[in-house]
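Colleague: My questions will all concern the structure given below.
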Amino acid sequence: MASKPKIKIVDDTELRQEIEKNTDLISQVNLAKWAINVAKHVLPYLEKEFSDNEKIANGFKFNELWQKGEATVHQVRQAGYKVHEAAREYKSETAKAAARSVGQAVGVDHMRGHAMMATDYAIITINLAFNNDMYKITKEREWQLQELNKYDKGEISR
């Protein structure tokens with residue numbers, strides 16, 4: 001059974017449920033790779049305010065090292081905390097949401113549920129950037145599902 005988002009969100013709930021159902025079908029490493037891609041997809045909304053944030057870059061770096069077995073969960077969690085710290089520093093709510101998407105994606109190394117939170121924050125980013133435009137929201141969810149299906153079908157390996 002699909003969960004309800006833990007944050008208030010205007011969303012395409014059917015697509016969200018389909019995405020969540022499919023996240024159970026892939027490995028945690030591939031789930032992390034997918035969540036990182038989702039976060040990177042909304043990164044331009046963050047970069048409008050701050051294009052070169054080392055905390056964000058390190059979050060990606062440590063998660064990607066963990067995916068290869070070259071970083072510990074503790075190291076990744078510490079990098080994730082720094083990403084959330086950066087999110088609090090942004091002035092724009094859109095940039096904050098995009099940074100929170102990154103922070104959640106980084107956290108997939110220790111808890112699979114962070115992947116859906118990363119997608120939800122990506123949707124919040126779209127909500128804020130496009131005034132809750134359901135067309136844009138659905139397009140983002142369709143893209144997320146399409147990307148997830150690449151991992152599900154084995155098109156992208158460890």
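Labeling convention for the structure tokens: chains A, B, ... as they appear, residues from 1 per chain, ligands from 1 in order of appearance.
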I'd like to know which residues of range 53-111 of chain A are helix (DSSP H, G or I) (by DSSP, run on the backbone); could you write them as JSON, numbers by chain?

Modeller: {"A": [54, 55, 56, 57, 58, 59, 60, 61, 62, 63, 64, 65, 66, 67, 73, 74, 75, 76, 77, 78, 79, 80, 81, 82, 83, 84, 85, 86, 87, 88, 89, 93, 94, 95, 96, 97, 98, 99, 100, 101, 102, 103, 104, 105, 106, 107, 108, 109]}

Colleague: So that I have them on file, write out the residues from the current selection with N, CA and C atoms, as a compact mmCIF listing (two decimals), in the first residue's frame.

Modeller:
```
# COMPACT_ATOMS: atom_id res chain seq x y z
N GLU A 54 29.37 23.86 -2.03
CA GLU A 54 30.21 22.70 -1.72
C GLU A 54 29.46 21.65 -0.90
N LYS A 55 28.55 22.07 -0.05
CA LYS A 55 27.79 21.12 0.77
C LYS A 55 26.92 20.23 -0.11
N ILE A 56 26.31 20.81 -1.12
CA ILE A 56 25.47 20.06 -2.06
C ILE A 56 26.36 19.09 -2.85
N ALA A 57 27.47 19.60 -3.37
CA ALA A 57 28.38 18.76 -4.16
C ALA A 57 28.91 17.60 -3.33
N ASN A 58 29.25 17.85 -2.06
CA ASN A 58 29.75 16.78 -1.21
C ASN A 58 28.68 15.74 -0.90
N GLY A 59 27.45 16.17 -0.78
CA GLY A 59 26.36 15.21 -0.57
C GLY A 59 26.29 14.22 -1.71
N PHE A 60 26.31 14.74 -2.94
CA PHE A 60 26.32 13.86 -4.11
C PHE A 60 27.55 12.96 -4.09
N LYS A 61 28.69 13.57 -3.83
CA LYS A 61 29.95 12.82 -3.88
C LYS A 61 29.96 11.66 -2.90
N PHE A 62 29.59 11.92 -1.65
CA PHE A 62 29.64 10.85 -0.65
C PHE A 62 28.61 9.76 -0.91
N ASN A 63 27.45 10.13 -1.43
CA ASN A 63 26.47 9.08 -1.76
C ASN A 63 27.00 8.22 -2.91
N GLU A 64 27.58 8.86 -3.90
CA GLU A 64 28.12 8.11 -5.04
C GLU A 64 29.29 7.23 -4.61
N LEU A 65 30.09 7.69 -3.66
CA LEU A 65 31.17 6.84 -3.11
C LEU A 65 30.58 5.64 -2.37
N TRP A 66 29.51 5.89 -1.60
CA TRP A 66 28.84 4.78 -0.88
C TRP A 66 28.32 3.75 -1.87
N GLN A 67 27.75 4.20 -2.99
CA GLN A 67 27.23 3.28 -3.99
C GLN A 67 28.30 2.31 -4.48
N VAL A 73 28.18 4.59 5.72
CA VAL A 73 26.87 5.21 5.93
C VAL A 73 27.03 6.45 6.80
N HIS A 74 27.89 6.37 7.81
CA HIS A 74 28.12 7.52 8.70
C HIS A 74 28.64 8.72 7.90
N GLN A 75 29.59 8.49 7.01
CA GLN A 75 30.13 9.60 6.21
C GLN A 75 29.04 10.23 5.34
N VAL A 76 28.21 9.38 4.77
CA VAL A 76 27.14 9.89 3.90
C VAL A 76 26.12 10.66 4.73
N ARG A 77 25.78 10.13 5.90
CA ARG A 77 24.82 10.84 6.76
C ARG A 77 25.34 12.21 7.15
N GLN A 78 26.63 12.29 7.48
CA GLN A 78 27.21 13.59 7.84
C GLN A 78 27.12 14.56 6.66
N ALA A 79 27.40 14.07 5.47
CA ALA A 79 27.30 14.92 4.27
C ALA A 79 25.84 15.33 4.04
N GLY A 80 24.91 14.42 4.30
CA GLY A 80 23.49 14.73 4.15
C GLY A 80 23.04 15.81 5.12
N TYR A 81 23.54 15.74 6.36
CA TYR A 81 23.21 16.79 7.33
C TYR A 81 23.68 18.15 6.83
N LYS A 82 24.84 18.17 6.19
CA LYS A 82 25.37 19.44 5.67
C LYS A 82 24.49 19.97 4.52
N VAL A 83 23.94 19.06 3.73
CA VAL A 83 23.03 19.48 2.65
C VAL A 83 21.80 20.15 3.25
N HIS A 84 21.24 19.54 4.30
CA HIS A 84 20.06 20.13 4.94
C HIS A 84 20.41 21.46 5.61
N GLU A 85 21.63 21.57 6.11
CA GLU A 85 22.11 22.84 6.66
C GLU A 85 22.12 23.90 5.55
N ALA A 86 22.60 23.52 4.38
CA ALA A 86 22.62 24.45 3.24
C ALA A 86 21.21 24.87 2.86
N ALA A 87 20.26 23.92 2.91
CA ALA A 87 18.87 24.24 2.56
C ALA A 87 18.33 25.35 3.45
N ARG A 88 18.70 25.33 4.71
CA ARG A 88 18.22 26.37 5.63
C ARG A 88 18.84 27.73 5.33
N GLU A 89 19.95 27.75 4.61
CA GLU A 89 20.64 29.00 4.29
C GLU A 89 20.04 29.74 3.09
N GLU A 93 12.22 29.82 -1.28
CA GLU A 93 11.58 28.56 -0.89
C GLU A 93 11.79 27.49 -1.97
N THR A 94 11.86 27.92 -3.22
CA THR A 94 12.10 26.97 -4.31
C THR A 94 13.48 26.35 -4.18
N ALA A 95 14.49 27.18 -3.91
CA ALA A 95 15.85 26.66 -3.73
C ALA A 95 15.93 25.76 -2.49
N LYS A 96 15.24 26.14 -1.43
CA LYS A 96 15.22 25.30 -0.22
C LYS A 96 14.65 23.93 -0.53
N ALA A 97 13.54 23.89 -1.28
CA ALA A 97 12.91 22.61 -1.62
C ALA A 97 13.84 21.76 -2.48
N ALA A 98 14.50 22.38 -3.44
CA ALA A 98 15.44 21.63 -4.29
C ALA A 98 16.60 21.08 -3.45
N ALA A 99 17.11 21.88 -2.52
CA ALA A 99 18.19 21.40 -1.65
C ALA A 99 17.70 20.27 -0.75
N ARG A 100 16.47 20.37 -0.27
CA ARG A 100 15.93 19.29 0.56
C ARG A 100 15.76 18.01 -0.25
N SER A 101 15.43 18.14 -1.53
CA SER A 101 15.38 16.97 -2.40
C SER A 101 16.75 16.29 -2.45
N VAL A 102 17.79 17.10 -2.57
CA VAL A 102 19.16 16.56 -2.57
C VAL A 102 19.44 15.87 -1.24
N GLY A 103 19.13 16.53 -0.14
CA GLY A 103 19.40 15.96 1.18
C GLY A 103 18.71 14.62 1.38
N GLN A 104 17.47 14.52 0.93
CA GLN A 104 16.74 13.26 1.05
C GLN A 104 17.35 12.20 0.15
N ALA A 105 17.73 12.57 -1.06
CA ALA A 105 18.35 11.61 -1.98
C ALA A 105 19.66 11.08 -1.42
N VAL A 106 20.43 11.95 -0.82
CA VAL A 106 21.70 11.53 -0.21
C VAL A 106 21.44 10.50 0.88
N GLY A 107 20.34 10.66 1.60
CA GLY A 107 20.02 9.79 2.73
C GLY A 107 19.52 8.40 2.38
N VAL A 108 19.35 8.09 1.11
CA VAL A 108 18.85 6.77 0.72
C VAL A 108 19.84 5.68 1.12
N ASP A 109 21.09 6.02 1.34
CA ASP A 109 22.08 5.01 1.73
C ASP A 109 21.68 4.29 3.02
```

Colleague: Tell me, in Å to one decimal, how far CA of Lys40 in chain A is from CA of Lys4 in chain A.

Modeller: 23.5 Å

Colleague: Which residue, A:Arg16, A:Ala115, A:Gln146, A:Val42, has the smallest gap to Asn30 in chain A when you use only C-alpha atoms?

Modeller: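 Residue with the minimum atom-to-atom distance to Asn30 in chain A: A:Ala115.
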
Colleague: Could you check the closest approach to Asp133 in chain A for each of A:Val29, A:Asp12, A:Pro5, A:Val38 and tell me which residue wins, using only C-alpha atoms?

Modeller: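 So, comparing all the options, the nearest one is A:Asp12.
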
Colleague: Please identify all polymer residues within 10 Å of range 18-22 of chain A, counting only C-alpha atoms, omitting same-chain residues fewer than 6 positions from it, and present them as a PDB file with all heavy atoms, in the first residue's frame.

Modeller:
```pdb
ATOM      1  N   MET A   1       0.839  -1.188   0.000  1.00  0.00           N
ATOM      2  CA  MET A   1       0.000   0.000   0.000  1.00  0.00           C
ATOM      3  C   MET A   1       0.882   1.247   0.000  1.00  0.00           C
ATOM      4  O   MET A   1       1.858   1.335   0.737  1.00  0.00           O
ATOM      5  CB  MET A   1      -0.888  -0.013   1.242  1.00  0.00           C
ATOM      6  CG  MET A   1      -1.883   1.097   1.257  1.00  0.00           C
ATOM      7  SD  MET A   1      -3.133   0.816   2.518  1.00  0.00           S
ATOM      8  CE  MET A   1      -2.864   2.261   3.501  1.00  0.00           C
ATOM      9  N   ALA A   2       0.543   2.186  -0.825  1.00  0.00           N
ATOM     10  CA  ALA A   2       1.327   3.410  -0.943  1.00  0.00           C
ATOM     11  C   ALA A   2       1.142   4.284   0.290  1.00  0.00           C
ATOM     12  O   ALA A   2       0.070   4.332   0.890  1.00  0.00           O
ATOM     13  CB  ALA A   2       0.922   4.176  -2.189  1.00  0.00           C
ATOM     14  N   SER A   3       2.191   4.979   0.633  1.00  0.00           N
ATOM     15  CA  SER A   3       2.134   5.874   1.785  1.00  0.00           C
ATOM     16  C   SER A   3       1.659   7.252   1.354  1.00  0.00           C
ATOM     17  O   SER A   3       1.705   7.593   0.180  1.00  0.00           O
ATOM     18  CB  SER A   3       3.520   5.979   2.420  1.00  0.00           C
ATOM     19  OG  SER A   3       4.398   6.659   1.541  1.00  0.00           O
ATOM     20  N   GLY A 113      13.222   4.862   2.393  1.00  0.00           N
ATOM     21  CA  GLY A 113      12.125   5.814   2.387  1.00  0.00           C
ATOM     22  C   GLY A 113      12.530   7.223   2.003  1.00  0.00           C
ATOM     23  O   GLY A 113      11.692   8.028   1.578  1.00  0.00           O
ATOM     24  N   ALA A 115      14.068   8.015  -0.551  1.00  0.00           N
ATOM     25  CA  ALA A 115      13.915   8.185  -2.007  1.00  0.00           C
ATOM     26  C   ALA A 115      12.588   8.864  -2.337  1.00  0.00           C
ATOM     27  O   ALA A 115      12.546   9.798  -3.143  1.00  0.00           O
ATOM     28  CB  ALA A 115      14.021   6.835  -2.713  1.00  0.00           C
ATOM     29  N   MET A 116      11.508   8.393  -1.708  1.00  0.00           N
ATOM     30  CA  MET A 116      10.207   9.026  -1.974  1.00  0.00           C
ATOM     31  C   MET A 116      10.175  10.452  -1.446  1.00  0.00           C
ATOM     32  O   MET A 116       9.573  11.328  -2.066  1.00  0.00           O
ATOM     33  CB  MET A 116       9.062   8.198  -1.391  1.00  0.00           C
ATOM     34  CG  MET A 116       8.726   6.955  -2.189  1.00  0.00           C
ATOM     35  SD  MET A 116       8.450   7.223  -3.977  1.00  0.00           S
ATOM     36  CE  MET A 116       7.008   8.295  -3.979  1.00  0.00           C
ATOM     37  N   THR A 119      11.658  12.591  -4.028  1.00  0.00           N
ATOM     38  CA  THR A 119      10.737  12.887  -5.132  1.00  0.00           C
ATOM     39  C   THR A 119       9.683  13.901  -4.704  1.00  0.00           C
ATOM     40  O   THR A 119       9.294  14.755  -5.498  1.00  0.00           O
ATOM     41  CB  THR A 119      10.044  11.616  -5.672  1.00  0.00           C
ATOM     42  OG1 THR A 119       9.095  11.128  -4.723  1.00  0.00           O
ATOM     43  CG2 THR A 119      11.037  10.543  -6.042  1.00  0.00           C
ATOM     44  N   ARG A 141       6.453  13.954 -12.497  1.00  0.00           N
ATOM     45  CA  ARG A 141       6.212  12.580 -12.021  1.00  0.00           C
ATOM     46  C   ARG A 141       6.401  11.568 -13.149  1.00  0.00           C
ATOM     47  O   ARG A 141       6.953  10.493 -12.925  1.00  0.00           O
ATOM     48  CB  ARG A 141       4.819  12.448 -11.406  1.00  0.00           C
ATOM     49  CG  ARG A 141       4.687  13.013 -10.021  1.00  0.00           C
ATOM     50  CD  ARG A 141       5.521  12.266  -9.007  1.00  0.00           C
ATOM     51  NE  ARG A 141       5.177  12.708  -7.648  1.00  0.00           N
ATOM     52  CZ  ARG A 141       5.923  12.468  -6.601  1.00  0.00           C
ATOM     53  NH1 ARG A 141       7.050  11.796  -6.703  1.00  0.00           N
ATOM     54  NH2 ARG A 141       5.559  12.906  -5.410  1.00  0.00           N
ATOM     55  N   GLU A 142       5.958  11.902 -14.358  1.00  0.00           N
ATOM     56  CA  GLU A 142       6.164  10.990 -15.493  1.00  0.00           C
ATOM     57  C   GLU A 142       7.649  10.787 -15.751  1.00  0.00           C
ATOM     58  O   GLU A 142       8.100   9.661 -16.007  1.00  0.00           O
ATOM     59  CB  GLU A 142       5.459  11.522 -16.747  1.00  0.00           C
ATOM     60  CG  GLU A 142       3.960  11.416 -16.687  1.00  0.00           C
ATOM     61  CD  GLU A 142       3.244  12.121 -17.820  1.00  0.00           C
ATOM     62  OE1 GLU A 142       3.866  12.945 -18.540  1.00  0.00           O
ATOM     63  OE2 GLU A 142       2.040  11.860 -17.987  1.00  0.00           O
ATOM     64  N   GLN A 144      10.061  11.105 -13.526  1.00  0.00           N
ATOM     65  CA  GLN A 144      10.587  10.303 -12.416  1.00  0.00           C
ATOM     66  C   GLN A 144      10.312   8.813 -12.644  1.00  0.00           C
ATOM     67  O   GLN A 144      11.199   7.977 -12.443  1.00  0.00           O
ATOM     68  CB  GLN A 144       9.975  10.742 -11.084  1.00  0.00           C
ATOM     69  CG  GLN A 144      10.406  12.107 -10.624  1.00  0.00           C
ATOM     70  CD  GLN A 144       9.645  12.583  -9.396  1.00  0.00           C
ATOM     71  OE1 GLN A 144       8.781  11.888  -8.861  1.00  0.00           O
ATOM     72  NE2 GLN A 144       9.962  13.792  -8.948  1.00  0.00           N
ATOM     73  N   LEU A 145       9.097   8.491 -13.057  1.00  0.00           N
ATOM     74  CA  LEU A 145       8.727   7.096 -13.300  1.00  0.00           C
ATOM     75  C   LEU A 145       9.523   6.514 -14.467  1.00  0.00           C
ATOM     76  O   LEU A 145      10.012   5.382 -14.388  1.00  0.00           O
ATOM     77  CB  LEU A 145       7.229   6.978 -13.558  1.00  0.00           C
ATOM     78  CG  LEU A 145       6.694   5.563 -13.801  1.00  0.00           C
ATOM     79  CD1 LEU A 145       6.986   4.649 -12.612  1.00  0.00           C
ATOM     80  CD2 LEU A 145       5.202   5.607 -14.085  1.00  0.00           C
ATOM     81  N   GLN A 146       9.673   7.278 -15.512  1.00  0.00           N
ATOM     82  CA  GLN A 146      10.456   6.825 -16.671  1.00  0.00           C
ATOM     83  C   GLN A 146      11.890   6.518 -16.244  1.00  0.00           C
ATOM     84  O   GLN A 146      12.459   5.494 -16.634  1.00  0.00           O
ATOM     85  CB  GLN A 146      10.428   7.901 -17.752  1.00  0.00           C
ATOM     86  CG  GLN A 146      11.259   7.580 -18.977  1.00  0.00           C
ATOM     87  CD  GLN A 146      11.263   8.742 -19.965  1.00  0.00           C
ATOM     88  OE1 GLN A 146      10.499   9.691 -19.862  1.00  0.00           O
ATOM     89  NE2 GLN A 146      12.139   8.663 -20.940  1.00  0.00           N
ATOM     90  N   LEU A 148      12.943   5.800 -13.186  1.00  0.00           N
ATOM     91  CA  LEU A 148      12.900   4.652 -12.285  1.00  0.00           C
ATOM     92  C   LEU A 148      12.808   3.348 -13.074  1.00  0.00           C
ATOM     93  O   LEU A 148      13.469   2.367 -12.754  1.00  0.00           O
ATOM     94  CB  LEU A 148      11.729   4.777 -11.316  1.00  0.00           C
ATOM     95  CG  LEU A 148      11.545   3.637 -10.313  1.00  0.00           C
ATOM     96  CD1 LEU A 148      12.767   3.504  -9.409  1.00  0.00           C
ATOM     97  CD2 LEU A 148      10.286   3.873  -9.489  1.00  0.00           C
ATOM     98  N   ASN A 149      12.002   3.354 -14.127  1.00  0.00           N
ATOM     99  CA  ASN A 149      11.842   2.152 -14.941  1.00  0.00           C
ATOM    100  C   ASN A 149      13.140   1.730 -15.620  1.00  0.00           C
ATOM    101  O   ASN A 149      13.337   0.553 -15.904  1.00  0.00           O
ATOM    102  CB  ASN A 149      10.727   2.341 -15.966  1.00  0.00           C
ATOM    103  CG  ASN A 149       9.355   2.287 -15.323  1.00  0.00           C
ATOM    104  OD1 ASN A 149       9.178   1.719 -14.247  1.00  0.00           O
ATOM    105  ND2 ASN A 149       8.377   2.894 -15.963  1.00  0.00           N
ATOM    106  N   TYR A 151      16.010   1.729 -14.173  1.00  0.00           N
ATOM    107  CA  TYR A 151      16.683   0.923 -13.157  1.00  0.00           C
ATOM    108  C   TYR A 151      15.959  -0.400 -12.966  1.00  0.00           C
ATOM    109  O   TYR A 151      16.573  -1.441 -12.871  1.00  0.00           O
ATOM    110  CB  TYR A 151      16.751   1.679 -11.829  1.00  0.00           C
ATOM    111  CG  TYR A 151      17.636   2.884 -11.893  1.00  0.00           C
ATOM    112  CD1 TYR A 151      17.123   4.137 -12.192  1.00  0.00           C
ATOM    113  CD2 TYR A 151      18.998   2.772 -11.664  1.00  0.00           C
ATOM    114  CE1 TYR A 151      17.929   5.242 -12.251  1.00  0.00           C
ATOM    115  CE2 TYR A 151      19.832   3.878 -11.727  1.00  0.00           C
ATOM    116  CZ  TYR A 151      19.284   5.113 -12.030  1.00  0.00           C
ATOM    117  OH  TYR A 151      20.098   6.201 -12.099  1.00  0.00           O
ATOM    118  N   ASP A 152      14.649  -0.336 -12.938  1.00  0.00           N
ATOM    119  CA  ASP A 152      13.834  -1.528 -12.740  1.00  0.00           C
ATOM    120  C   ASP A 152      14.102  -2.566 -13.819  1.00  0.00           C
ATOM    121  O   ASP A 152      14.161  -3.749 -13.550  1.00  0.00           O
ATOM    122  CB  ASP A 152      12.361  -1.108 -12.739  1.00  0.00           C
ATOM    123  CG  ASP A 152      11.418  -2.246 -12.407  1.00  0.00           C
ATOM    124  OD1 ASP A 152      11.825  -3.193 -11.723  1.00  0.00           O
ATOM    125  OD2 ASP A 152      10.268  -2.173 -12.849  1.00  0.00           O
TER     126      ASP A 152
END
```

Colleague: Enter the distance from CA of Trp143 in chain A to CA of Lys91 in chain A, in Å, rounded to one decimal.

Modeller: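 Between CA of Trp143 in chain A and CA of Lys91 in chain A the gap is 27.5 Å.
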